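Below is one structure, written out as structure tokens, with a few remarks after it.
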Amino acid sequence: MFNLVSLIIGFVALLCALVAFLPLLGWLNWLIIPLAIIGAAVGLISRGTAGRNLNLLVIVVGVVRLLLGGGIF
């Protein structure tokens, strides 16, 4: 059950991350990363690893996008 919740959170965060690739919407990654961290935490509780892995991928995508867009440094 927790894996399903984690997958749902991960898909929502992934869809938002795709929207955040549009110009002038990079700030949205600052909201997506915490959402994916919550999803990864829920995924850690479950036996399955799919939800956790999806959320970790979304976190990496969000951080890389922030690095490329100059949002971190």
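Letters A, B, ... mark the chains of the structure tokens in the order given; residue numbers begin at 1 per chain; ligand numbers begin at 1, in order shown.
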
Tell me, as a ChimeraX atom specification, which residues lie within 9 Å of region 54-65 of chain A, counting only C-alpha atoms; anything in the same chain fewer than 4 positions away does not count.
/A:6-7,9-11,13-14,17,20-21,26,29-30,32-40,43,49-50,69-72

Please identify which residues in chain A DSSP calls helix (DSSP H, G or I) from the backbone, and express them as a compact mmCIF listing (two decimals) with N, CA and C atoms, in the first residue's frame.
```txt
# COMPACT_ATOMS: atom_id res chain seq x y z
N PHE A 2 1.92 1.27 0.82
CA PHE A 2 2.80 2.44 0.87
C PHE A 2 3.53 2.62 -0.46
N ASN A 3 3.85 1.51 -1.13
CA ASN A 3 4.52 1.60 -2.41
C ASN A 3 3.61 2.27 -3.44
N LEU A 4 2.33 1.97 -3.41
CA LEU A 4 1.38 2.59 -4.33
C LEU A 4 1.27 4.09 -4.05
N VAL A 5 1.21 4.46 -2.79
CA VAL A 5 1.14 5.89 -2.42
C VAL A 5 2.42 6.59 -2.88
N SER A 6 3.55 5.94 -2.69
CA SER A 6 4.83 6.51 -3.11
C SER A 6 4.89 6.67 -4.63
N LEU A 7 4.36 5.70 -5.36
CA LEU A 7 4.32 5.79 -6.82
C LEU A 7 3.43 6.93 -7.28
N ILE A 8 2.30 7.11 -6.64
CA ILE A 8 1.39 8.20 -7.00
C ILE A 8 2.06 9.56 -6.75
N ILE A 9 2.70 9.70 -5.59
CA ILE A 9 3.42 10.94 -5.29
C ILE A 9 4.54 11.16 -6.32
N GLY A 10 5.23 10.08 -6.67
CA GLY A 10 6.32 10.18 -7.64
C GLY A 10 5.84 10.59 -9.02
N PHE A 11 4.70 10.06 -9.47
CA PHE A 11 4.18 10.43 -10.79
C PHE A 11 3.70 11.88 -10.81
N VAL A 12 3.09 12.32 -9.72
CA VAL A 12 2.66 13.72 -9.65
C VAL A 12 3.89 14.63 -9.68
N ALA A 13 4.92 14.27 -8.91
CA ALA A 13 6.14 15.08 -8.90
C ALA A 13 6.84 15.05 -10.25
N LEU A 14 6.80 13.91 -10.94
CA LEU A 14 7.42 13.81 -12.26
C LEU A 14 6.70 14.66 -13.29
N LEU A 15 5.38 14.66 -13.25
CA LEU A 15 4.62 15.52 -14.16
C LEU A 15 4.91 17.00 -13.90
N CYS A 16 5.00 17.36 -12.64
CA CYS A 16 5.33 18.75 -12.30
C CYS A 16 6.76 19.08 -12.72
N ALA A 17 7.67 18.10 -12.63
CA ALA A 17 9.05 18.32 -13.05
C ALA A 17 9.13 18.53 -14.55
N LEU A 18 8.29 17.85 -15.30
CA LEU A 18 8.26 18.06 -16.75
C LEU A 18 7.77 19.47 -17.08
N VAL A 19 6.80 19.96 -16.33
CA VAL A 19 6.32 21.33 -16.52
C VAL A 19 7.41 22.32 -16.14
N GLY A 26 11.42 27.26 -13.72
CA GLY A 26 12.42 26.48 -13.00
C GLY A 26 12.28 26.59 -11.49
N TRP A 27 11.68 27.68 -11.02
CA TRP A 27 11.48 27.85 -9.57
C TRP A 27 10.57 26.76 -9.02
N LEU A 28 9.80 26.13 -9.89
CA LEU A 28 8.88 25.08 -9.46
C LEU A 28 9.63 23.88 -8.89
N ASN A 29 10.90 23.72 -9.28
CA ASN A 29 11.70 22.62 -8.75
C ASN A 29 11.90 22.72 -7.24
N TRP A 30 11.86 23.95 -6.71
CA TRP A 30 11.98 24.13 -5.27
C TRP A 30 10.76 23.54 -4.53
N LEU A 31 9.66 23.35 -5.22
CA LEU A 31 8.48 22.72 -4.63
C LEU A 31 8.43 21.22 -4.93
N ILE A 32 9.00 20.83 -6.06
CA ILE A 32 8.96 19.44 -6.49
C ILE A 32 9.91 18.57 -5.66
N ILE A 33 11.07 19.10 -5.37
CA ILE A 33 12.07 18.31 -4.63
C ILE A 33 11.55 17.90 -3.25
N PRO A 34 10.99 18.80 -2.43
CA PRO A 34 10.44 18.34 -1.14
C PRO A 34 9.30 17.34 -1.29
N LEU A 35 8.47 17.50 -2.33
CA LEU A 35 7.40 16.54 -2.58
C LEU A 35 7.98 15.16 -2.88
N ALA A 36 9.03 15.12 -3.69
CA ALA A 36 9.67 13.84 -4.00
C ALA A 36 10.38 13.25 -2.79
N ILE A 37 10.89 14.09 -1.91
CA ILE A 37 11.52 13.59 -0.69
C ILE A 37 10.47 12.93 0.20
N ILE A 38 9.30 13.52 0.29
CA ILE A 38 8.21 12.90 1.05
C ILE A 38 7.82 11.57 0.42
N GLY A 39 7.73 11.53 -0.91
CA GLY A 39 7.43 10.28 -1.59
C GLY A 39 8.49 9.22 -1.37
N ALA A 40 9.76 9.62 -1.35
CA ALA A 40 10.84 8.67 -1.10
C ALA A 40 10.77 8.15 0.34
N ALA A 41 10.40 9.01 1.28
CA ALA A 41 10.26 8.58 2.67
C ALA A 41 9.13 7.57 2.81
N VAL A 42 8.03 7.81 2.11
CA VAL A 42 6.93 6.84 2.13
C VAL A 42 7.38 5.54 1.46
N GLY A 43 8.17 5.66 0.40
CA GLY A 43 8.69 4.48 -0.29
C GLY A 43 9.64 3.66 0.56
N LEU A 44 10.33 4.30 1.48
CA LEU A 44 11.23 3.56 2.37
C LEU A 44 10.46 2.66 3.33
N ILE A 45 9.24 3.05 3.66
CA ILE A 45 8.43 2.26 4.58
C ILE A 45 7.94 0.97 3.92
N ALA A 50 9.95 0.32 -6.17
CA ALA A 50 9.62 1.11 -7.36
C ALA A 50 9.29 2.56 -7.01
N GLY A 51 8.49 2.78 -6.00
CA GLY A 51 8.12 4.13 -5.60
C GLY A 51 9.31 4.93 -5.11
N ARG A 52 10.13 4.30 -4.30
CA ARG A 52 11.32 4.98 -3.80
C ARG A 52 12.25 5.36 -4.94
N ASN A 53 12.46 4.43 -5.88
CA ASN A 53 13.37 4.69 -6.99
C ASN A 53 12.84 5.80 -7.90
N LEU A 54 11.53 5.82 -8.13
CA LEU A 54 10.94 6.88 -8.96
C LEU A 54 11.14 8.24 -8.30
N ASN A 55 10.92 8.32 -7.01
CA ASN A 55 11.09 9.59 -6.31
C ASN A 55 12.55 10.01 -6.27
N LEU A 56 13.45 9.08 -6.14
CA LEU A 56 14.87 9.43 -6.18
C LEU A 56 15.25 9.97 -7.56
N LEU A 57 14.67 9.40 -8.61
CA LEU A 57 14.92 9.90 -9.96
C LEU A 57 14.39 11.32 -10.11
N VAL A 58 13.22 11.59 -9.57
CA VAL A 58 12.64 12.94 -9.65
C VAL A 58 13.51 13.92 -8.88
N ILE A 59 14.03 13.52 -7.75
CA ILE A 59 14.92 14.39 -6.97
C ILE A 59 16.16 14.73 -7.78
N VAL A 60 16.76 13.74 -8.41
CA VAL A 60 17.96 13.97 -9.21
C VAL A 60 17.65 14.90 -10.38
N VAL A 61 16.54 14.67 -11.06
CA VAL A 61 16.15 15.52 -12.19
C VAL A 61 15.95 16.96 -11.71
N GLY A 62 15.28 17.14 -10.60
CA GLY A 62 15.05 18.48 -10.07
C GLY A 62 16.32 19.19 -9.68
N VAL A 63 17.24 18.48 -9.04
CA VAL A 63 18.50 19.10 -8.63
C VAL A 63 19.35 19.46 -9.84
N VAL A 64 19.41 18.56 -10.83
CA VAL A 64 20.18 18.85 -12.04
C VAL A 64 19.59 20.06 -12.76
N ARG A 65 18.28 20.14 -12.83
CA ARG A 65 17.63 21.29 -13.48
C ARG A 65 17.95 22.58 -12.74
N LEU A 66 17.97 22.53 -11.42
CA LEU A 66 18.33 23.73 -10.65
C LEU A 66 19.79 24.10 -10.87
N LEU A 67 20.67 23.12 -10.96
CA LEU A 67 22.07 23.41 -11.21
C LEU A 67 22.27 24.04 -12.59
N LEU A 68 21.60 23.50 -13.61
CA LEU A 68 21.74 24.03 -14.96
C LEU A 68 21.13 25.42 -15.09
N GLY A 69 20.06 25.67 -14.38
CA GLY A 69 19.38 26.96 -14.48
C GLY A 69 19.97 28.03 -13.57
```
